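Visitor: Structure file target_34.csv (CSV, N, CA and C atoms) is given on the next line.
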chain,number,residue,atom,x,y,z
A,1,MET,N,0.9,-1.2,0.0
A,1,MET,CA,0.0,0.0,0.0
A,1,MET,C,0.9,1.2,0.0
A,2,SER,N,0.6,2.2,-0.8
A,2,SER,CA,1.4,3.4,-0.9
A,2,SER,C,1.2,4.3,0.3
A,3,ASN,N,2.1,5.1,0.6
A,3,ASN,CA,2.0,6.1,1.7
A,3,ASN,C,0.8,7.0,1.5
A,4,LYS,N,0.6,7.4,0.2
A,4,LYS,CA,-0.5,8.3,-0.1
A,4,LYS,C,-1.8,7.7,0.2
A,5,LEU,N,-2.0,6.4,-0.2
A,5,LEU,CA,-3.2,5.7,0.0
A,5,LEU,C,-3.4,5.5,1.5
A,6,ALA,N,-2.4,5.1,2.2
A,6,ALA,CA,-2.5,4.9,3.7
A,6,ALA,C,-2.8,6.2,4.4
A,7,GLY,N,-2.3,7.3,3.9
A,7,GLY,CA,-2.6,8.6,4.5
A,7,GLY,C,-4.1,8.9,4.3
A,8,CYS,N,-4.6,8.7,3.1
A,8,CYS,CA,-6.0,8.9,2.8
A,8,CYS,C,-6.9,8.1,3.7
A,9,ILE,N,-6.6,6.8,3.8
A,9,ILE,CA,-7.4,5.9,4.7
A,9,ILE,C,-7.3,6.4,6.1
A,10,GLY,N,-6.2,6.7,6.6
A,10,GLY,CA,-6.0,7.2,7.9
A,10,GLY,C,-6.9,8.5,8.2
A,11,PHE,N,-6.8,9.4,7.2
A,11,PHE,CA,-7.7,10.6,7.3
A,11,PHE,C,-9.1,10.3,7.4
A,12,LEU,N,-9.6,9.4,6.5
A,12,LEU,CA,-11.0,9.0,6.5
A,12,LEU,C,-11.4,8.3,7.8
A,13,LEU,N,-10.6,7.5,8.3
A,13,LEU,CA,-10.9,6.9,9.6
A,13,LEU,C,-11.1,7.9,10.7
A,14,VAL,N,-10.2,8.9,10.8
A,14,VAL,CA,-10.3,10.0,11.8
A,14,VAL,C,-11.6,10.7,11.5
A,15,ALA,N,-11.8,11.1,10.3
A,15,ALA,CA,-13.0,11.9,9.9
A,15,ALA,C,-14.3,11.2,10.3
A,16,VAL,N,-14.3,9.8,10.0
A,16,VAL,CA,-15.6,9.1,10.3
A,16,VAL,C,-15.7,8.6,11.7
A,17,LEU,N,-14.6,8.3,12.4
A,17,LEU,CA,-14.7,7.7,13.7
A,17,LEU,C,-14.5,8.7,14.9
A,18,VAL,N,-13.6,9.6,14.7
A,18,VAL,CA,-13.2,10.5,15.8
A,18,VAL,C,-13.9,11.8,15.8
A,19,LEU,N,-13.9,12.5,14.6
A,19,LEU,CA,-14.5,13.8,14.6
A,19,LEU,C,-15.9,14.0,14.9
A,20,PRO,N,-16.8,13.0,14.6
A,20,PRO,CA,-18.2,13.2,15.0
A,20,PRO,C,-18.4,13.4,16.5
A,21,GLY,N,-17.6,12.8,17.3
A,21,GLY,CA,-17.7,12.9,18.7
A,21,GLY,C,-17.4,14.3,19.2
A,22,TYR,N,-16.4,15.0,18.5
A,22,TYR,CA,-16.1,16.3,18.8
A,22,TYR,C,-17.0,17.3,18.2
A,23,MET,N,-17.6,17.0,17.1
A,23,MET,CA,-18.5,17.9,16.4
A,23,MET,C,-20.0,17.7,16.7
A,24,ALA,N,-20.3,16.8,17.5
A,24,ALA,CA,-21.7,16.5,17.8
A,24,ALA,C,-22.3,17.7,18.4
A,25,PRO,N,-23.6,18.1,18.0
A,25,PRO,CA,-24.2,19.2,18.6
A,25,PRO,C,-24.5,19.0,20.1
A,26,ASN,N,-24.5,20.1,20.8
A,26,ASN,CA,-24.9,20.1,22.2
A,26,ASN,C,-26.3,19.7,22.3
A,27,PRO,N,-26.6,18.7,23.2
A,27,PRO,CA,-28.0,18.4,23.5
A,27,PRO,C,-28.7,19.7,24.0
A,28,GLY,N,-30.0,19.8,23.8
A,28,GLY,CA,-30.7,21.0,24.2
A,28,GLY,C,-30.9,21.0,25.7
A,29,ILE,N,-31.4,22.1,26.2
A,29,ILE,CA,-31.7,22.3,27.6
A,29,ILE,C,-33.0,21.8,27.9
A,30,ASN,N,-33.3,21.5,29.2
A,30,ASN,CA,-34.6,21.1,29.6
A,30,ASN,C,-35.6,22.3,29.5
A,31,VAL,N,-36.6,22.1,28.7
A,31,VAL,CA,-37.5,23.2,28.5
A,31,VAL,C,-38.7,23.1,29.5
A,32,LYS,N,-38.8,24.1,30.3
A,32,LYS,CA,-39.9,24.1,31.3
A,32,LYS,C,-40.9,25.3,30.9
A,33,PHE,N,-42.1,25.0,31.1
A,33,PHE,CA,-43.2,26.0,30.8
A,33,PHE,C,-43.9,26.4,32.1
A,34,PRO,N,-43.8,27.7,32.5
A,34,PRO,CA,-44.7,28.1,33.6
A,34,PRO,C,-46.1,27.8,33.3
A,35,LYS,N,-46.9,27.5,34.3
A,35,LYS,CA,-48.3,27.1,34.1
A,35,LYS,C,-49.1,28.1,33.2
A,36,LYS,N,-48.9,29.4,33.4
A,36,LYS,CA,-49.7,30.4,32.5
A,36,LYS,C,-49.2,30.3,31.1
A,37,VAL,N,-47.9,30.1,30.9
A,37,VAL,CA,-47.3,30.0,29.5
A,37,VAL,C,-47.8,28.8,28.9
A,38,GLU,N,-47.8,27.7,29.6
A,38,GLU,CA,-48.3,26.4,29.1
A,38,GLU,C,-49.8,26.5,28.7
A,39,THR,N,-50.6,27.1,29.5
A,39,THR,CA,-52.0,27.3,29.2
A,39,THR,C,-52.1,28.1,27.9
A,40,THR,N,-51.4,29.2,27.8
A,40,THR,CA,-51.5,30.0,26.5
A,40,THR,C,-51.1,29.2,25.3
A,41,ILE,N,-50.0,28.4,25.5
A,41,ILE,CA,-49.5,27.6,24.3
A,41,ILE,C,-50.6,26.6,24.0
A,42,GLN,N,-51.2,25.9,25.0
A,42,GLN,CA,-52.2,24.9,24.7
A,42,GLN,C,-53.5,25.6,24.0
A,43,ASP,N,-53.9,26.7,24.6
A,43,ASP,CA,-55.1,27.4,24.1
A,43,ASP,C,-54.9,28.1,22.8
A,44,LYS,N,-53.8,28.7,22.5
A,44,LYS,CA,-53.7,29.6,21.4
A,44,LYS,C,-52.6,29.3,20.4
A,45,CYS,N,-51.7,28.3,20.7
A,45,CYS,CA,-50.5,28.0,19.8
A,45,CYS,C,-50.6,26.6,19.3
A,46,TYR,N,-50.9,25.7,20.1
A,46,TYR,CA,-50.8,24.3,19.9
A,46,TYR,C,-51.6,23.8,18.7
A,47,GLY,N,-52.7,24.5,18.5
A,47,GLY,CA,-53.6,24.0,17.4
A,47,GLY,C,-52.9,24.1,16.0
A,48,CYS,N,-52.0,24.9,15.8
A,48,CYS,CA,-51.2,25.0,14.6
A,48,CYS,C,-49.8,24.4,14.7
A,49,HIS,N,-49.2,24.6,15.8
A,49,HIS,CA,-47.8,24.1,16.0
A,49,HIS,C,-47.7,22.8,16.7
A,50,SER,N,-48.4,21.8,16.2
A,50,SER,CA,-48.4,20.5,16.8
A,50,SER,C,-48.7,19.5,15.6
A,51,PRO,N,-48.5,18.2,15.9
A,51,PRO,CA,-48.7,17.2,14.8
A,51,PRO,C,-50.1,17.3,14.2
A,52,GLU,N,-51.0,17.7,15.0
A,52,GLU,CA,-52.4,17.7,14.5
A,52,GLU,C,-52.7,19.0,13.8
A,53,GLY,N,-51.8,20.0,13.8
A,53,GLY,CA,-52.0,21.2,13.1
A,53,GLY,C,-52.2,21.1,11.6
A,54,ARG,N,-53.0,21.9,11.0
A,54,ARG,CA,-53.3,21.8,9.6
A,54,ARG,C,-52.3,22.5,8.7
A,55,SER,N,-51.6,23.5,9.3
A,55,SER,CA,-50.6,24.3,8.5
A,55,SER,C,-49.2,23.7,8.5
A,56,GLN,N,-48.8,23.2,7.4
A,56,GLN,CA,-47.4,22.7,7.3
A,56,GLN,C,-46.4,23.8,7.6
A,57,LYS,N,-46.7,25.0,7.1
A,57,LYS,CA,-45.8,26.1,7.3
A,57,LYS,C,-45.6,26.4,8.8
A,58,ALA,N,-46.7,26.3,9.6
A,58,ALA,CA,-46.6,26.5,11.0
A,58,ALA,C,-45.8,25.4,11.7
A,59,LYS,N,-46.1,24.1,11.2
A,59,LYS,CA,-45.3,23.0,11.8
A,59,LYS,C,-43.9,23.1,11.5
A,60,ASP,N,-43.5,23.5,10.3
A,60,ASP,CA,-42.1,23.7,9.9
A,60,ASP,C,-41.4,24.7,10.7
A,61,ALA,N,-42.2,25.8,11.1
A,61,ALA,CA,-41.6,26.9,11.9
A,61,ALA,C,-41.3,26.5,13.3
A,62,LEU,N,-42.3,25.8,13.9
A,62,LEU,CA,-42.2,25.4,15.3
A,62,LEU,C,-43.1,24.3,15.7
A,63,MET,N,-42.6,23.3,16.3
A,63,MET,CA,-43.4,22.2,16.9
A,63,MET,C,-43.1,22.2,18.4
A,64,TRP,N,-44.1,22.6,19.2
A,64,TRP,CA,-43.9,22.7,20.6
A,64,TRP,C,-43.4,21.4,21.2
A,65,ASP,N,-44.0,20.3,20.7
A,65,ASP,CA,-43.6,19.0,21.3
A,65,ASP,C,-42.1,18.6,21.0
A,66,GLU,N,-41.5,19.2,20.0
A,66,GLU,CA,-40.2,18.8,19.6
A,66,GLU,C,-39.1,19.8,20.2
A,67,LEU,N,-39.6,20.9,20.8
A,67,LEU,CA,-38.6,21.9,21.2
A,67,LEU,C,-37.6,21.4,22.2
A,68,GLU,N,-37.9,20.5,23.1
A,68,GLU,CA,-37.0,20.0,24.0
A,68,GLU,C,-36.0,19.0,23.4
A,69,ASN,N,-36.3,18.4,22.3
A,69,ASN,CA,-35.4,17.4,21.6
A,69,ASN,C,-34.4,18.1,20.7
A,70,LEU,N,-34.5,19.4,20.5
A,70,LEU,CA,-33.6,20.1,19.6
A,70,LEU,C,-32.2,20.3,20.3
A,71,ASN,N,-31.2,20.4,19.5
A,71,ASN,CA,-29.9,20.7,20.1
A,71,ASN,C,-29.9,22.2,20.5
A,72,MET,N,-28.9,22.6,21.3
A,72,MET,CA,-28.9,24.0,21.8
A,72,MET,C,-29.0,25.0,20.8
A,73,ALA,N,-28.2,24.9,19.7
A,73,ALA,CA,-28.2,25.9,18.6
A,73,ALA,C,-29.6,26.0,18.0
A,74,ALA,N,-30.3,24.9,17.8
A,74,ALA,CA,-31.6,25.0,17.2
A,74,ALA,C,-32.6,25.6,18.2
A,75,GLN,N,-32.5,25.2,19.5
A,75,GLN,CA,-33.3,25.8,20.5
A,75,GLN,C,-33.1,27.3,20.6
A,76,LEU,N,-31.9,27.7,20.5
A,76,LEU,CA,-31.5,29.2,20.6
A,76,LEU,C,-32.3,29.9,19.5
A,77,GLY,N,-32.3,29.3,18.3
A,77,GLY,CA,-33.0,30.0,17.2
A,77,GLY,C,-34.5,30.0,17.4
A,78,LYS,N,-35.0,28.9,17.9
A,78,LYS,CA,-36.5,28.9,18.2
A,78,LYS,C,-36.9,29.9,19.2
A,79,PHE,N,-36.1,29.9,20.3
A,79,PHE,CA,-36.5,30.9,21.4
A,79,PHE,C,-36.4,32.3,20.9
A,80,ALA,N,-35.4,32.6,20.1
A,80,ALA,CA,-35.3,33.9,19.5
A,80,ALA,C,-36.4,34.2,18.6
A,81,ALA,N,-36.8,33.3,17.8
A,81,ALA,CA,-38.0,33.5,16.9
A,81,ALA,C,-39.3,33.7,17.6
A,82,ILE,N,-39.5,32.9,18.7
A,82,ILE,CA,-40.7,33.0,19.5
A,82,ILE,C,-40.7,34.4,20.1
A,83,GLN,N,-39.6,34.8,20.7
A,83,GLN,CA,-39.6,36.2,21.3
A,83,GLN,C,-39.9,37.2,20.3
A,84,LYS,N,-39.3,37.1,19.1
A,84,LYS,CA,-39.5,38.1,18.0
A,84,LYS,C,-40.9,38.2,17.6
A,85,VAL,N,-41.6,37.0,17.3
A,85,VAL,CA,-42.9,37.1,16.7
A,85,VAL,C,-43.9,37.5,17.8
A,86,ILE,N,-43.7,37.2,19.0
A,86,ILE,CA,-44.5,37.7,20.1
A,86,ILE,C,-44.4,39.2,20.3
A,87,HIS,N,-43.1,39.7,20.3
A,87,HIS,CA,-42.8,41.1,20.5
A,87,HIS,C,-43.4,41.9,19.3
A,88,GLU,N,-43.3,41.4,18.1
A,88,GLU,CA,-43.8,42.1,16.9
A,88,GLU,C,-45.3,42.0,16.8
A,89,GLY,N,-45.9,41.0,17.5
A,89,GLY,CA,-47.4,40.8,17.4
A,89,GLY,C,-47.8,40.1,16.1
A,90,THR,N,-46.9,39.3,15.5
A,90,THR,CA,-47.2,38.6,14.3
A,90,THR,C,-47.7,37.2,14.6
A,91,MET,N,-47.7,36.8,15.8
A,91,MET,CA,-48.3,35.5,16.2
A,91,MET,C,-49.3,35.7,17.3
A,92,PRO,N,-50.4,35.1,17.2
A,92,PRO,CA,-50.9,34.3,16.0
A,92,PRO,C,-51.1,35.3,14.8
A,93,PRO,N,-51.1,34.7,13.6
A,93,PRO,CA,-51.3,35.5,12.4
A,93,PRO,C,-52.6,36.2,12.3
A,94,LYS,N,-52.7,37.3,11.7
A,94,LYS,CA,-53.9,38.1,11.6
A,94,LYS,C,-55.1,37.3,11.0
A,95,GLY,N,-54.8,36.5,10.0
A,95,GLY,CA,-55.8,35.7,9.4
A,95,GLY,C,-56.4,34.7,10.3
A,96,ALA,N,-55.6,34.1,11.2
A,96,ALA,CA,-56.1,33.1,12.2
A,96,ALA,C,-56.9,33.8,13.2
A,97,VAL,N,-56.5,35.0,13.6
A,97,VAL,CA,-57.3,35.8,14.6
A,97,VAL,C,-58.6,36.2,14.0
A,98,GLU,N,-58.6,36.6,12.7
A,98,GLU,CA,-59.8,37.0,12.1
A,98,GLU,C,-60.8,35.9,12.0
A,99,ARG,N,-60.3,34.7,11.8
A,99,ARG,CA,-61.2,33.5,11.7
A,99,ARG,C,-61.7,33.1,13.1
A,100,ASN,N,-60.8,33.3,14.1
A,100,ASN,CA,-61.1,32.9,15.5
A,100,ASN,C,-60.5,33.9,16.4
A,101,PRO,N,-61.3,34.9,16.7
A,101,PRO,CA,-60.8,36.0,17.6
A,101,PRO,C,-60.3,35.6,19.0
A,102,THR,N,-60.7,34.4,19.5
A,102,THR,CA,-60.3,34.0,20.8
A,102,THR,C,-58.8,33.6,20.8
A,103,MET,N,-58.2,33.5,19.6
A,103,MET,CA,-56.8,33.1,19.5
A,103,MET,C,-55.9,34.3,19.8
A,104,LYS,N,-56.4,35.5,19.7
A,104,LYS,CA,-55.6,36.7,19.9
A,104,LYS,C,-55.0,36.7,21.3
A,105,LEU,N,-53.7,37.0,21.4
A,105,LEU,CA,-53.1,37.0,22.7
A,105,LEU,C,-53.4,38.3,23.5
A,106,SER,N,-53.8,38.2,24.7
A,106,SER,CA,-54.0,39.4,25.5
A,106,SER,C,-52.6,40.0,25.8
A,107,ASP,N,-52.6,41.3,26.2
A,107,ASP,CA,-51.4,41.9,26.6
A,107,ASP,C,-50.6,41.1,27.6
A,108,GLN,N,-51.3,40.6,28.6
A,108,GLN,CA,-50.7,39.8,29.7
A,108,GLN,C,-50.1,38.5,29.1
A,109,GLU,N,-50.9,37.8,28.3
A,109,GLU,CA,-50.3,36.6,27.7
A,109,GLU,C,-49.1,36.9,26.8
A,110,SER,N,-49.1,38.0,26.0
A,110,SER,CA,-48.0,38.3,25.2
A,110,SER,C,-46.8,38.6,26.1
A,111,ALA,N,-47.0,39.4,27.2
A,111,ALA,CA,-45.9,39.7,28.1
A,111,ALA,C,-45.3,38.4,28.7
A,112,GLN,N,-46.2,37.5,29.2
A,112,GLN,CA,-45.7,36.3,29.8
A,112,GLN,C,-44.9,35.4,28.8
A,113,MET,N,-45.4,35.3,27.6
A,113,MET,CA,-44.8,34.5,26.6
A,113,MET,C,-43.4,35.1,26.2
A,114,GLU,N,-43.4,36.4,26.0
A,114,GLU,CA,-42.1,37.1,25.7
A,114,GLU,C,-41.1,37.0,26.8
A,115,LYS,N,-41.6,37.1,28.0
A,115,LYS,CA,-40.7,37.0,29.2
A,115,LYS,C,-40.1,35.6,29.3
A,116,TRP,N,-40.9,34.6,29.1
A,116,TRP,CA,-40.5,33.2,29.1
A,116,TRP,C,-39.5,32.9,28.0
A,117,ALA,N,-39.8,33.4,26.8
A,117,ALA,CA,-38.9,33.1,25.6
A,117,ALA,C,-37.5,33.8,25.9
A,118,SER,N,-37.6,35.0,26.4
A,118,SER,CA,-36.4,35.8,26.7
A,118,SER,C,-35.5,35.0,27.7
A,119,LYS,N,-36.2,34.5,28.8
A,119,LYS,CA,-35.5,33.8,29.8
A,119,LYS,C,-34.8,32.5,29.2
A,120,MET,N,-35.6,31.8,28.4
A,120,MET,CA,-35.0,30.6,27.8
A,120,MET,C,-33.9,30.9,26.8
A,121,LEU,N,-34.0,32.0,26.2
A,121,LEU,CA,-32.9,32.4,25.3
A,121,LEU,C,-31.6,32.7,26.0
A,122,ARG,N,-31.8,33.4,27.2
A,122,ARG,CA,-30.6,33.7,28.0
A,122,ARG,C,-30.0,32.4,28.6
A,123,LYS,N,-30.9,31.6,29.1
A,123,LYS,CA,-30.4,30.3,29.7
A,123,LYS,C,-29.7,29.5,28.6
A,124,THR,N,-30.2,29.4,27.4
A,124,THR,CA,-29.5,28.6,26.4
A,124,THR,C,-28.2,29.2,26.0
A,125,SER,N,-28.2,30.5,25.9
A,125,SER,CA,-27.0,31.2,25.5
A,125,SER,C,-25.9,31.0,26.5
A,126,ARG,N,-26.2,31.0,27.8
A,126,ARG,CA,-25.2,30.8,28.9
A,126,ARG,C,-24.7,29.3,28.8
A,127,LYS,N,-25.5,28.4,28.5
A,127,LYS,CA,-25.1,27.0,28.5
A,127,LYS,C,-24.2,26.7,27.3
A,128,MET,N,-24.4,27.5,26.2
A,128,MET,CA,-23.6,27.3,25.0
A,128,MET,C,-22.2,27.8,25.1
A,129,ARG,N,-21.9,28.7,26.1
A,129,ARG,CA,-20.6,29.3,26.2
A,129,ARG,C,-19.6,28.3,26.7
Please re-express this file's structure in structure tokens.

Guide:
Amino acid sequence: MSNKLAGCIGFLLVAVLVLPGYMAPNPGINVKFPKKVETTIQDKCYGCHSPEGRSQKAKDALMWDELENLNMAAQLGKFAAIQKVIHEGTMPPKGAVERNPTMKLSDQESAQMEKWASKMLRKTSRKMR
């Protein structure tokens, strides 16, 4: 076997067997929902962002049941997105609220959701350091 071939095989073995352990994504943090936040999610978010949801776009954006199973980087992105859409008032979408006015978040629900998402964002950021 030539040195060049042996070197290639050695590199491939390292790449396949060793590096994945070092490059594996950090497992996510334990996601906890305060009772009021959990109630809001169940009443106003889960209908679209769950396996039973009718909108594939909503499911692709966020699945509440899968949030805890994501790695830290993915969780960080989801918490930032949740905080952003709540802060901007774009969730629930206008069309959904027009069809079902009870889906609209109250000011208190929005504040609780945003505070929770912000807290989870900070917690995840600290763990990633």

Visitor: So how many Å separate atom N of Phe33 (chain A) and atom N of Lys104 (chain A), to one decimal?

Guide: 21.1 Å

Visitor: Please compute the CA of Glu66 (chain A)-CA of Ser50 (chain A) distance, one decimal, in Å.

Guide: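 Computed distance, CA of Glu66 (chain A) to CA of Ser50 (chain A), equals 8.8 Å.
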
Visitor: Determine, counting all atoms listed in the file, which protein, DNA and RNA residues have an atom within 6.5 Å of an atom of His49 (chain A); residues of the same chain fewer than 5 positions away are not included. Present the result as a list of chain:residue names.

Guide: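 Once the nearby chain positions are removed, what remains is A:Ala58, A:Lys59, A:Leu62, A:Met63, A:Trp64, A:Asp65.
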
Visitor: Go through A:Cys45, A:Leu67, A:Met128, A:Val85 one by one, measure the shortest atom-to-atom distance of each to Val31 (chain A) using only N, CA and C atoms, and give the residue with the smallest value.

Guide: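 Comparing A:Cys45, A:Leu67, A:Met128, A:Val85 against Val31 (chain A), the winner is A:Leu67.
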
Visitor: Given all atoms listed in the file as the basis, pick out the residue of A:Asn71, A:Ser110, A:Thr102, A:Thr90 nearest to Lys44 (chain A).

Guide: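 Among the listed residues, A:Thr102 lies closest to Lys44 (chain A).
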
Visitor: Mind checking which residues fall within 6 Å of Gln83 (chain A), counting only N, CA and C atoms, ignoring those fewer than 5 positions away in the same chain, and posting them as a PyMOL selection string?

Guide: chain A and resi 78+88+114+117-118

Visitor: Please, which residues in region 50-116 of chain A fall within 6 Å of region 120-127 of chain A when counting all atoms listed in the file, and what is the closest atom pair and distance in Å to one decimal for each, ordered by chain then residue number, as CSV?

Guide:
residue,atom,partner,partner_atom,distance
A:Leu76,CA,A:Leu121,CA,5.9
A:Phe79,CA,A:Leu121,CA,5.5
A:Ala80,N,A:Leu121,CA,5.8
A:Lys115,C,A:Met120,N,6.0
A:Trp116,C,A:Met120,N,4.1

Visitor: Kindly give the distance, in Å, that separates CA of Ile41 (chain A) and CA of Arg129 (chain A), rounded to a single decimal.

Guide: 29.0 Å
